[in-house]
Structure formats: C-alpha cells, structure tokens
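Visitor: Got a structure for you, written out below as structure tokens; questions coming shortly.
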Amino acid sequence: MNPAPTVIESLMPLPVLLPLLGAGLALVLAGRPNLQRAVSVSVLVAVVAISAVLVAGAADRPRVVTVGSWPAPLGITLVADQLSTIMLLTSMTVTLLVFLYAIGQGTANDDSRTPVSIFHPTYLVLAAGVANAFLSGDLFNLYVGFEVLLMASYVLLTLGGTRSRIRAGLTYVVVNVVSSLVFLAGIALVYAAVGTLNLAQISVRMEAVPAGTQLTIHLVLLTAFGIKAAVFPLSAWLPDSYPTAAAPVTAVFAGLLTKVGVYSIIRTETLLFPGDSVADDVLLVAALATMVIGALGAIAQDDIKRVLSFTLVSHIGYMIFGVALTTPAGVGAAIFYVVHHITVQATLFCVAGLIERLGGSTSTTRLAGLAAASPLLAVLYFVPAINLGGIPPLSGFVGKLGLIEAGVQDGSVLAWLLVVGSVLTSLLTLYAMAKVWVLAFWRPVEQLPAEHPDDADGDDDDAFEPADDGDEPEDHLDPEDEDPDGPVDPETLRDGMDERFPVLIGAGRAGEAYAGSSRPSTSYSGAFLGPADTDRDDQEQVRLPRVMTAATAGLVAVGVSLTIVAGPLYALTDRAAADLTARTPYITAVFAQATDDRVAR
C-alpha cells in the first residue's frame with residue numbers, strides 16, 4: 001500500500017481478508033461449533049460495518065489501493081467507487097442475515113451431524129470471493145474473485161450429498177466451468193489486444209483497437225458474464241440447480257451469485273465498451289427475452305422454490321434493460337433495482353424454507369391453510385412478494401418505474417418494446433406470487449385435493465434414501481417408517497389434529513398418511529443433509545424456529561427500509577451512474593494512484 005494511506009484505503013482490503021482469515025479460524029475450530037458461530041458472525045458483522053464506512057468514503061471520489069504498492073499493471077488494484085461499495089454493503093448485509101438464518105436452522109434441527117465444520121468456512125470463503133469481485137480493479141483479479149466464490153458455491157450446493165443435489169451440482173459445475181473458460185479466453189483476447197488487464201488502462205487503450213476486434217472481445221466477455229448472471233438463453237441451468245440446495249444456501253445464491261455477473265456486465269458496458277450499439281441492441285433483446293420467458297416459466301410452476309427460481313431469472317432482465325440503455329437514468333435505475341432484488345429475492349427463499357418447515361413441502365399442490373396456521377409466516381411472505389411484484393409504493397415499484405421512465409426517454413423501438421415487456425413481466429410476476437398466496441396460504445384445507453398412490457412420482461431417487469438428520473419436516477419417507485397397520489383413516493387423522501395447525505393436513509408426514517400413498521411425490525429439501533427425520537410429533541413440526549424467523553423478519557425489514565430511504569438511495573445510484581457513464585472519475589483515480597505509487601518507490 002502507499003506509505004501513508006487514508007483510513008478508507010486501509011479498510012479496503014479487509015472485506016476480502018477478514019472472511020478468508022475467519023474461514024481458516026473456523027476450520028481450526030471445527031470441533032467447537034459455538035466458537036465457529038461466534039467467529040463467523042463477528043467476521044460478517046465487521047465486514048458489514050466496513051462496507052458502510054466504504055460507502056461513505058467513496059461518496060466524493062473513487063478510492064484506490066494497489067496491493068504491495070506495485071503500480072498498475074503489475075500490481076493488484078482495488079477500487080471502491082460508488083457502484084462497488086453499494087453492491088458490497090447490500091450483499092454483505094444479506095450474507096449476514098442469511099447466515100443467522102442458517103445458524104437458526106442448525107440450532108432448531110439440533111443435529112450434531114449437520115456439517116457446520118464445512119459450512120462455516122465455505123460460507124466465509126464465498127463472502128470473500130464476492131467482496132473481491134466487487135472491489136477488483138483488474139480483470140484477472142475479477143476472474144479470481146469469480147473462481148473463489150464459485151468453488152465455495154460448489155461445496156455449498158452439494159452439501160449433504162443427496163442424489164438430487166449431486167445431479168444439480170454437476171450441472172451447475174459444468175455450466176460455470178464453461179463460463180469460466182469463456183471468461184479466461186476473453187481475458188487472453190483483452191491482453192493480446194491492449195497489453196494490460198487493469199480496467200482503467202483497458203478503457204483508455206481499447207479506443208485504439210479496431211472495431212471488429214473490440215466487438216469480438218466484447219461479445220466473448222458478455223457471453224461469460226451472461227452465463228453467470230443467468231441471462232436468457234444462457235439461464236436454463238438455474239431453475240434446476242437452486243431449488244435442490246439447503247434453504248440458506250439457495251437464499252444467498254439467489255441474492256448474490258447472479259448479481260456478481262450483473263455487476264460485471266455493468267462495469268464492462270460502462271467502462272470498457274461504452275457506445276457499442278451492436279452489443280447494446282443484443283443486450284436489449286436478451287433483456288426482453290429474459291424478463292418474459294422467465295415470468296412465463298414462473299407461472300407454470302407448482303413448487304414455490306421453482307417459482308422463485310424463474311422469477312429470479314426473469315428479474316435479471318430488468319437489470320440488463322437498464323444497463324443496455326447506457327444512459328445515466330437507465331444505469332441508475334438498474335443499480336437501484338439490483339439493490340432491491342438482492343434483498344427481496346433472498347428473503348423469499350428464506351420464507352420458502354420456513355414454509356417447508358411448517359408444511360413439510362414447498363409444492364402448492366400439497367399446501368393449504370398456511371395463513372391460518374401461522375399469520376406471521378403469511379406476513380413474511382406477503383410483504384416481499386408484493387414488493388417483487390412491483391406494488392406501489394414499495395422499492396420494487398420505484399425501481400421498475402425508473403427503468404420504464406429511462407426506456408421512454410430513450411424512445412427507440414427496442415426501448416419501447418422493453419417498456420411494454422417490463423409492465424407485462426411485472427403483471428406476470430404478481431400473478432405468480434398471488435397464485436402461491438392463494439393456494440398455499442389462503443386456500444382452506446378442505447379444498448386441498450387428496451393425493452392417491454397412482455398420482456405419486458415413481459422416479460424420485462431420493463425418496464428412499466435414509467434420513468440423515470433432524471432437519472425440517474420433509475415429505476420424504478422411508479418404506480420402513482410406514483405404518484405397519486396400513487394407511488391412517490382420513491377421519492381419524494382429521495379428528496386427531498389440533499385445529500390450530502390445519503396446514504399439516506395434506507402436507508408432510510400427515511399428508512402422506514391421509515392420502516394413503518405408498519410412495520411420496522417429488523419435492524425439494526431445504527435441509528442441509530437432505531431428507532429429514534420425520535419421526536417428530538406433528539405439534540413439534542409446525543413450530544417456526546425463533547432465530548430463523550427473526551433473520552427472515554430482518555430481511556423483510558431491510559426490504560421495507562429500501563422503500564423508506566428510496567429517495568436518498570435513488571439519488572446515490574444516480575450519482576453512481578453519472579460517474580460510471582462519464583468514466584473519468586474512475587480512470588483518473590486509478591492513474592493518480594499509480595503515479596503516487598511510482599513516486600513512493
């Protein structure tokens with residue numbers, strides 16, 4: 001670093017270093033889970049606090065650190081501008097709250113076999129990779145950040161080792177390895193064309209590169225980032241990968257991983273390839289397809305996790321829409337929408353985990369009466385659901401309105417098509433969220449159709465795996481656990497259930513008995529170790545763990561707070577967009593730091 005760095009510059013490496021050091025310490029403390037939790041929570045709280053300081057410190061100008069005082073392009077450059085610090089604070093806040101949710105799940109399950117010795121350090125490594133990607137001022141270091149977070153995500157996605165997770169994990173690994181190879185090829189092309197990988201230097205030197213070469217490099221990088229961001233038609237892997245993971249893992253993936261890809265697209269479009277009309281038109285078409293096809297996929301699903309996975313894909317299109325406009329208004333609205341979506345999407349996946357614990361399933365064909373069973377859970381779902389649907393005056397509406405206004409200001413045919421597509425997608429999203437509400441929460445239990453043996457899915461290879469732990473109530477049953485006297489009589493079952501918990505009729509273990517099914521239907525598990533132990537009594541199954549519920553409520557509160565501070569936040573994202581489209585503040589800050597480093601040496 002410089003001989004006399006400022007406080008802000010001294011703090012900049014810590015969001016990367018602290019999680020890595022914490023991961024090492026958590027691994028050493030593998031046999032002491034309470035100390036592991038203390039270390040992990042302390043590290044994440046510190047990173048959130050540092051991120052807040054960096055947001056304030058980067059308000060006037062980008063802050064730059066060259067690690068080891070090696071000037072660019074030899075040294076690794078970290079840049080904290082308004083975009084990177086906003087993304088860092090939002091992502092680390094969500095990461096902390098989801099981690100508390102994961103701790104609550106492990107405590108509620110009370111199972112010593114839950115692999116916290118692996119989960120804690122891997123989760124912290126994921127956080128370090130995300131932070132490194134956001135703060136990187138070097139294209140290769142951005143690649144390193146991607147690889148760090150992806151390696152951690154491979155472990156988290158397959159945690160528990162069930163067949164469905166291994167299958168989904170293989171798809172996830174193959175797709176992301178391909179995207180990483182494409183990214184690496186793009187890095188090689190960039191270095192061959194301009195002789196540097198420092199983003200500020202690439203920005204200046206790329207202007208002298210022939211237009212055809214620029215377009216080739218641009219499209220290669222967009223392909224790599226498009227896969228990671230799940231932009232259509234490169235998004236088919238996501239809906240099949242995310243629903244199989246543990247609930248907190250799915251929540252943090254939904255909130256962060258695709259947004260790192262979106263961040264990379266924002267940085268690439270504004271800094272390296274401004275004014276490329278061909279690529280911008282391609283992005284606009286991709287944004288429209290992503291929005292509409294993702295929303296249509298969501299309304300066709302009957303599993304809540306798959307509904308949320310498709311809405312995740314769909315709303316990536318909103319962000320790409322704003323970026324592709326390449327105007328300060330469009331980019332500012334896109335950044336605001338990224339902040340909104342990180343929070344709301346992670347919240348909804350956490351709620352899905354609570355739904356699975358309460359009802360034993362996330363399939364809307366097997367759930368009913370959730371609002372009566374738990375009014376608190378109903379509120380926790382309803383608020384982020386209408387926020388995602390864009391109901392005013394919530395932050396989702398503010399972000400979508402900003403994007404629509406930016407599209408109208410652009411005035412091109414493609415922009416107007418995106419405006420119409422945005423409204424249509426918002427209505428389809430609202431329909432998908434309302435469908436889940438009506439079927440799972442509002443529908444009376446009496447209207448729940450009984451499941452018959454002939455309707456069961458006979459191709460669920462996870463159904464007969466032995467229960468690994470005491471996680472959430474799950475609708476997986478082992479044949480040895482079945483009642484030797486045959487199916488429970490429906491009337492006897494209904495008479496024996498507490499009226500306070502009607503949701504158990506038709507869901508989980510009770511639902512299997514009521515339906516008289518000899519084999520359960522396919523469902524996704526939010527448990528860390530896959531199929532859960534269903535031998536607990538029904539009264540115990542319906543209790544919502546306090547820590548998990550509190551963490552989810554915290555995420556809901558963060559989402560609501562974005563509405564309360566929407567004015568100042570939108571002004572901040574507008575300033576970030578103005579600097580990004582101008583490019584000068586970023587480039588000047590990096591070159592000034594390089595000059596200081598040479599003088600110091």
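Labels for the structure tokens follow display order: chains A, B, ..., residues from 1 in each chain, ligands from 1.
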List the spatial neighbours of Ser40 of chain A as a compact mmCIF listing (two decimals) with all heavy atoms, in the first residue's frame - criterion: any atom at most 12 Å away, only C-alpha atoms, same-chain residues fewer than 2 positions off excluded.
Guide:
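Output file around.txt follows:
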# COMPACT_ATOMS: atom_id res chain seq x y z
N LEU A 18 -10.67 -10.40 5.87
CA LEU A 18 -11.32 -10.88 7.10
C LEU A 18 -12.08 -12.20 6.90
O LEU A 18 -11.93 -13.13 7.70
CB LEU A 18 -12.24 -9.80 7.68
CG LEU A 18 -11.55 -8.61 8.35
CD1 LEU A 18 -12.58 -7.63 8.89
CD2 LEU A 18 -10.63 -9.08 9.47
N PRO A 19 -12.91 -12.32 5.85
CA PRO A 19 -13.57 -13.61 5.67
C PRO A 19 -12.60 -14.76 5.41
O PRO A 19 -12.84 -15.89 5.87
CB PRO A 19 -14.48 -13.38 4.45
CG PRO A 19 -14.73 -11.92 4.45
CD PRO A 19 -13.45 -11.31 4.92
N LEU A 20 -11.51 -14.51 4.71
CA LEU A 20 -10.53 -15.57 4.47
C LEU A 20 -9.86 -16.00 5.77
O LEU A 20 -9.69 -17.20 6.04
CB LEU A 20 -9.49 -15.12 3.45
CG LEU A 20 -9.99 -14.93 2.01
CD1 LEU A 20 -8.87 -14.42 1.12
CD2 LEU A 20 -10.54 -16.25 1.45
N LEU A 21 -9.47 -15.02 6.58
CA LEU A 21 -8.87 -15.35 7.88
C LEU A 21 -9.89 -16.04 8.78
O LEU A 21 -9.56 -17.00 9.50
CB LEU A 21 -8.34 -14.08 8.54
CG LEU A 21 -7.17 -13.38 7.83
CD1 LEU A 21 -6.85 -12.06 8.52
CD2 LEU A 21 -5.94 -14.28 7.81
N GLY A 22 -11.13 -15.55 8.75
CA GLY A 22 -12.18 -16.18 9.53
C GLY A 22 -12.46 -17.61 9.09
O GLY A 22 -12.73 -18.49 9.92
N ALA A 23 -12.37 -17.85 7.78
CA ALA A 23 -12.58 -19.21 7.28
C ALA A 23 -11.52 -20.15 7.80
O ALA A 23 -11.81 -21.29 8.21
CB ALA A 23 -12.58 -19.21 5.74
N GLY A 24 -10.26 -19.69 7.81
CA GLY A 24 -9.20 -20.52 8.36
C GLY A 24 -9.40 -20.82 9.83
O GLY A 24 -9.23 -21.97 10.28
N LEU A 25 -9.78 -19.79 10.59
CA LEU A 25 -10.00 -19.99 12.03
C LEU A 25 -11.21 -20.89 12.27
O LEU A 25 -11.18 -21.75 13.16
CB LEU A 25 -10.22 -18.63 12.69
CG LEU A 25 -10.37 -18.63 14.22
CD1 LEU A 25 -9.18 -19.31 14.89
CD2 LEU A 25 -10.53 -17.20 14.73
N ALA A 26 -12.27 -20.73 11.47
CA ALA A 26 -13.45 -21.59 11.62
C ALA A 26 -13.12 -23.04 11.32
O ALA A 26 -13.65 -23.96 11.96
CB ALA A 26 -14.57 -21.11 10.69
N LEU A 27 -12.23 -23.26 10.37
CA LEU A 27 -11.83 -24.63 10.06
C LEU A 27 -11.04 -25.24 11.21
O LEU A 27 -11.20 -26.42 11.54
CB LEU A 27 -11.01 -24.64 8.77
CG LEU A 27 -10.82 -25.99 8.08
CD1 LEU A 27 -12.15 -26.62 7.73
CD2 LEU A 27 -9.96 -25.83 6.84
N LEU A 29 -11.46 -24.51 14.27
CA LEU A 29 -12.42 -24.71 15.36
C LEU A 29 -13.55 -25.66 14.95
O LEU A 29 -14.66 -25.56 15.48
CB LEU A 29 -13.02 -23.37 15.78
CG LEU A 29 -12.03 -22.33 16.32
CD1 LEU A 29 -12.72 -20.99 16.51
CD2 LEU A 29 -11.42 -22.81 17.64
N ALA A 30 -13.26 -26.59 14.04
CA ALA A 30 -14.30 -27.45 13.50
C ALA A 30 -15.03 -28.24 14.58
O ALA A 30 -16.21 -28.52 14.46
CB ALA A 30 -13.69 -28.41 12.48
N PRO A 33 -18.50 -25.94 17.66
CA PRO A 33 -19.47 -25.19 16.84
C PRO A 33 -19.84 -23.83 17.40
O PRO A 33 -20.10 -22.89 16.64
CB PRO A 33 -20.68 -26.13 16.79
CG PRO A 33 -20.51 -27.09 17.91
CD PRO A 33 -19.03 -27.24 18.10
N ASN A 34 -19.90 -23.68 18.73
CA ASN A 34 -20.26 -22.38 19.30
C ASN A 34 -19.20 -21.33 18.98
O ASN A 34 -19.52 -20.18 18.64
CB ASN A 34 -20.43 -22.49 20.82
CG ASN A 34 -21.69 -23.26 21.19
OD1 ASN A 34 -22.65 -23.29 20.42
ND2 ASN A 34 -21.69 -23.88 22.35
N LEU A 35 -17.94 -21.72 19.05
CA LEU A 35 -16.86 -20.79 18.70
C LEU A 35 -16.87 -20.51 17.20
O LEU A 35 -16.59 -19.38 16.78
CB LEU A 35 -15.51 -21.35 19.14
CG LEU A 35 -15.23 -21.35 20.64
CD1 LEU A 35 -13.87 -21.98 20.93
CD2 LEU A 35 -15.28 -19.92 21.19
N GLN A 36 -17.17 -21.52 16.42
CA GLN A 36 -17.29 -21.30 14.97
C GLN A 36 -18.34 -20.25 14.67
O GLN A 36 -18.11 -19.34 13.86
CB GLN A 36 -17.66 -22.61 14.27
CG GLN A 36 -16.50 -23.44 13.79
CD GLN A 36 -16.96 -24.48 12.79
OE1 GLN A 36 -18.07 -24.99 12.85
NE2 GLN A 36 -16.10 -24.81 11.85
N ARG A 37 -19.49 -20.38 15.29
CA ARG A 37 -20.56 -19.40 15.05
C ARG A 37 -20.11 -18.01 15.47
O ARG A 37 -20.36 -17.03 14.75
CB ARG A 37 -21.81 -19.79 15.83
CG ARG A 37 -22.47 -21.09 15.38
CD ARG A 37 -23.80 -21.29 16.08
NE ARG A 37 -24.33 -22.63 15.86
CZ ARG A 37 -24.33 -23.60 16.75
NH1 ARG A 37 -23.82 -23.39 17.95
NH2 ARG A 37 -24.82 -24.78 16.46
N ALA A 38 -19.46 -17.91 16.62
CA ALA A 38 -19.01 -16.60 17.11
C ALA A 38 -18.03 -15.96 16.14
O ALA A 38 -18.12 -14.76 15.82
CB ALA A 38 -18.39 -16.75 18.49
N SER A 42 -18.99 -12.67 13.90
CA SER A 42 -18.15 -11.50 14.17
C SER A 42 -17.50 -10.98 12.89
O SER A 42 -17.44 -9.77 12.64
CB SER A 42 -17.07 -11.84 15.20
OG SER A 42 -17.65 -12.23 16.43
N VAL A 43 -17.00 -11.91 12.07
CA VAL A 43 -16.37 -11.51 10.82
C VAL A 43 -17.37 -10.82 9.90
O VAL A 43 -17.09 -9.75 9.33
CB VAL A 43 -15.75 -12.74 10.12
CG1 VAL A 43 -15.40 -12.42 8.67
CG2 VAL A 43 -14.51 -13.21 10.86
N LEU A 44 -18.54 -11.40 9.76
CA LEU A 44 -19.54 -10.82 8.86
C LEU A 44 -20.06 -9.48 9.36
O LEU A 44 -20.30 -8.56 8.57
CB LEU A 44 -20.69 -11.81 8.65
CG LEU A 44 -20.33 -13.08 7.86
CD1 LEU A 44 -21.50 -14.05 7.82
CD2 LEU A 44 -19.89 -12.73 6.44
N VAL A 45 -20.24 -9.35 10.67
CA VAL A 45 -20.65 -8.06 11.24
C VAL A 45 -19.58 -7.01 10.95
O VAL A 45 -19.89 -5.86 10.56
CB VAL A 45 -20.91 -8.18 12.75
CG1 VAL A 45 -21.06 -6.80 13.38
CG2 VAL A 45 -22.16 -9.01 13.01
N ALA A 46 -18.32 -7.37 11.13
CA ALA A 46 -17.22 -6.43 10.85
C ALA A 46 -17.20 -6.03 9.38
O ALA A 46 -16.98 -4.85 9.05
CB ALA A 46 -15.89 -7.06 11.26
N VAL A 47 -17.42 -6.98 8.49
CA VAL A 47 -17.41 -6.68 7.06
C VAL A 47 -18.57 -5.75 6.69
O VAL A 47 -18.40 -4.82 5.89
CB VAL A 47 -17.46 -7.98 6.24
CG1 VAL A 47 -17.67 -7.67 4.76
CG2 VAL A 47 -16.18 -8.78 6.42
N THR A 95 -25.80 -11.36 3.28
CA THR A 95 -24.99 -12.52 3.66
C THR A 95 -25.04 -12.75 5.17
O THR A 95 -25.16 -13.89 5.64
CB THR A 95 -23.53 -12.31 3.21
OG1 THR A 95 -23.50 -12.14 1.79
CG2 THR A 95 -22.67 -13.52 3.58
N LEU A 96 -24.95 -11.69 5.94
CA LEU A 96 -25.01 -11.81 7.40
C LEU A 96 -26.36 -12.34 7.87
O LEU A 96 -26.42 -13.27 8.69
CB LEU A 96 -24.73 -10.44 8.03
CG LEU A 96 -24.95 -10.34 9.56
CD1 LEU A 96 -24.02 -11.30 10.31
CD2 LEU A 96 -24.75 -8.91 10.03
N LEU A 97 -27.44 -11.77 7.36
CA LEU A 97 -28.76 -12.19 7.81
C LEU A 97 -29.08 -13.63 7.39
O LEU A 97 -29.68 -14.39 8.15
CB LEU A 97 -29.82 -11.23 7.27
CG LEU A 97 -29.79 -9.83 7.90
CD1 LEU A 97 -30.72 -8.87 7.16
CD2 LEU A 97 -30.16 -9.88 9.37
N PHE A 99 -26.84 -15.91 7.02
CA PHE A 99 -26.02 -16.75 7.87
C PHE A 99 -26.68 -16.97 9.23
O PHE A 99 -26.65 -18.07 9.79
CB PHE A 99 -24.63 -16.13 8.06
CG PHE A 99 -23.67 -17.02 8.80
CD1 PHE A 99 -23.06 -18.08 8.16
CD2 PHE A 99 -23.41 -16.81 10.14
CE1 PHE A 99 -22.20 -18.92 8.84
CE2 PHE A 99 -22.54 -17.63 10.82
CZ PHE A 99 -21.93 -18.69 10.18
N LEU A 100 -27.28 -15.91 9.77
CA LEU A 100 -28.03 -16.07 11.02
C LEU A 100 -29.20 -17.04 10.83
O LEU A 100 -29.51 -17.84 11.72
CB LEU A 100 -28.54 -14.71 11.50
CG LEU A 100 -27.47 -13.70 11.91
CD1 LEU A 100 -28.11 -12.36 12.24
CD2 LEU A 100 -26.65 -14.21 13.08
N ALA A 102 -29.17 -19.53 8.76
CA ALA A 102 -28.57 -20.87 8.72
C ALA A 102 -28.24 -21.37 10.12
O ALA A 102 -28.42 -22.55 10.43
CB ALA A 102 -27.32 -20.84 7.85
N ILE A 103 -27.74 -20.47 10.97
CA ILE A 103 -27.47 -20.86 12.36
C ILE A 103 -28.76 -21.28 13.04
O ILE A 103 -28.80 -22.28 13.77
CB ILE A 103 -26.81 -19.69 13.12
CG1 ILE A 103 -25.39 -19.47 12.60
CG2 ILE A 103 -26.78 -19.97 14.63
CD1 ILE A 103 -24.70 -18.28 13.24
N VAL A 116 -21.47 -28.33 9.96
CA VAL A 116 -21.10 -26.94 10.16
C VAL A 116 -19.59 -26.75 10.02
O VAL A 116 -19.12 -25.66 9.71
CB VAL A 116 -21.57 -26.44 11.54
CG1 VAL A 116 -23.07 -26.33 11.58
CG2 VAL A 116 -21.06 -27.35 12.65
N SER A 117 -18.82 -27.79 10.28
CA SER A 117 -17.37 -27.66 10.13
C SER A 117 -16.99 -27.34 8.70
O SER A 117 -15.97 -26.71 8.44
CB SER A 117 -16.68 -28.96 10.57
OG SER A 117 -17.13 -30.05 9.78
N PHE A 119 -19.58 -26.01 6.48
CA PHE A 119 -20.44 -24.89 6.08
C PHE A 119 -19.84 -23.54 6.46
O PHE A 119 -19.78 -22.62 5.63
CB PHE A 119 -21.82 -25.05 6.70
CG PHE A 119 -22.75 -23.92 6.41
CD1 PHE A 119 -23.36 -23.82 5.18
CD2 PHE A 119 -23.00 -22.94 7.36
CE1 PHE A 119 -24.22 -22.76 4.88
CE2 PHE A 119 -23.85 -21.88 7.08
CZ PHE A 119 -24.46 -21.80 5.84
N HIS A 120 -19.40 -23.39 7.70
CA HIS A 120 -18.91 -22.09 8.17
C HIS A 120 -17.74 -21.56 7.34
O HIS A 120 -17.81 -20.44 6.81
CB HIS A 120 -18.53 -22.17 9.64
CG HIS A 120 -19.71 -22.18 10.57
ND1 HIS A 120 -20.13 -21.08 11.28
CD2 HIS A 120 -20.58 -23.17 10.89
CE1 HIS A 120 -21.19 -21.39 11.99
NE2 HIS A 120 -21.48 -22.65 11.78
N PRO A 121 -16.62 -22.30 7.21
CA PRO A 121 -15.51 -21.76 6.43
C PRO A 121 -15.86 -21.58 4.96
O PRO A 121 -15.40 -20.60 4.33
CB PRO A 121 -14.40 -22.80 6.61
CG PRO A 121 -15.06 -24.03 7.09
CD PRO A 121 -16.27 -23.59 7.85
N THR A 122 -16.66 -22.48 4.40
CA THR A 122 -17.02 -22.35 2.99
C THR A 122 -17.87 -21.12 2.75
O THR A 122 -17.70 -20.40 1.76
CB THR A 122 -17.78 -23.61 2.52
OG1 THR A 122 -17.01 -24.77 2.83
CG2 THR A 122 -18.02 -23.56 1.03
N TYR A 123 -18.77 -20.85 3.67
CA TYR A 123 -19.63 -19.67 3.55
C TYR A 123 -18.79 -18.39 3.60
O TYR A 123 -19.02 -17.45 2.84
CB TYR A 123 -20.65 -19.69 4.68
CG TYR A 123 -21.81 -18.72 4.53
CD1 TYR A 123 -22.99 -19.12 3.90
CD2 TYR A 123 -21.73 -17.43 5.01
CE1 TYR A 123 -24.05 -18.24 3.77
CE2 TYR A 123 -22.79 -16.54 4.89
CZ TYR A 123 -23.95 -16.96 4.26
OH TYR A 123 -25.00 -16.08 4.12
N LEU A 124 -17.81 -18.36 4.49
CA LEU A 124 -16.94 -17.19 4.59
C LEU A 124 -16.07 -17.03 3.35
O LEU A 124 -15.81 -15.90 2.90
CB LEU A 124 -16.07 -17.29 5.84
CG LEU A 124 -16.81 -17.15 7.17
CD1 LEU A 124 -15.86 -17.37 8.35
CD2 LEU A 124 -17.50 -15.80 7.29
N VAL A 125 -15.60 -18.13 2.77
CA VAL A 125 -14.84 -18.05 1.53
C VAL A 125 -15.72 -17.48 0.42
O VAL A 125 -15.27 -16.67 -0.41
CB VAL A 125 -14.29 -19.44 1.15
CG1 VAL A 125 -13.73 -19.43 -0.28
CG2 VAL A 125 -13.20 -19.86 2.14
N ALA A 127 -18.16 -15.36 0.81
CA ALA A 127 -18.26 -13.92 1.07
C ALA A 127 -17.00 -13.20 0.60
O ALA A 127 -17.07 -12.09 0.04
CB ALA A 127 -18.50 -13.67 2.56
Visitor: Could you pull the residues within 9 Å of Val285 of chain A, counting only C-alpha atoms, minus those fewer than 3 positions along the same chain, as a count of residues only?
Guide: 9
Visitor: Would you mind listing what lies within 8 Å of segment 83-86 of chain A as a list in words, with only C-alpha atoms counted and same-chain residues fewer than 4 positions away left out?
Guide: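 So, after excluding close chain neighbours, the residues are Ser51, Ala52, Leu54, Val55, Ala58, Val79, Thr90, Phe134, Leu135, Ile335, Val339, Thr573, Ala576 and Ala577 of chain A.
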Visitor: Segment 182-417 of chain A: which residues are helix (DSSP H, G or I) by DSSP, as number ranges by chain?
Guide: A: 182-194, 199-208, 211-229, 238-244, 247-272, 277-299, 304-325, 328-359, 370-373, 375-389, 395-410, 413-417
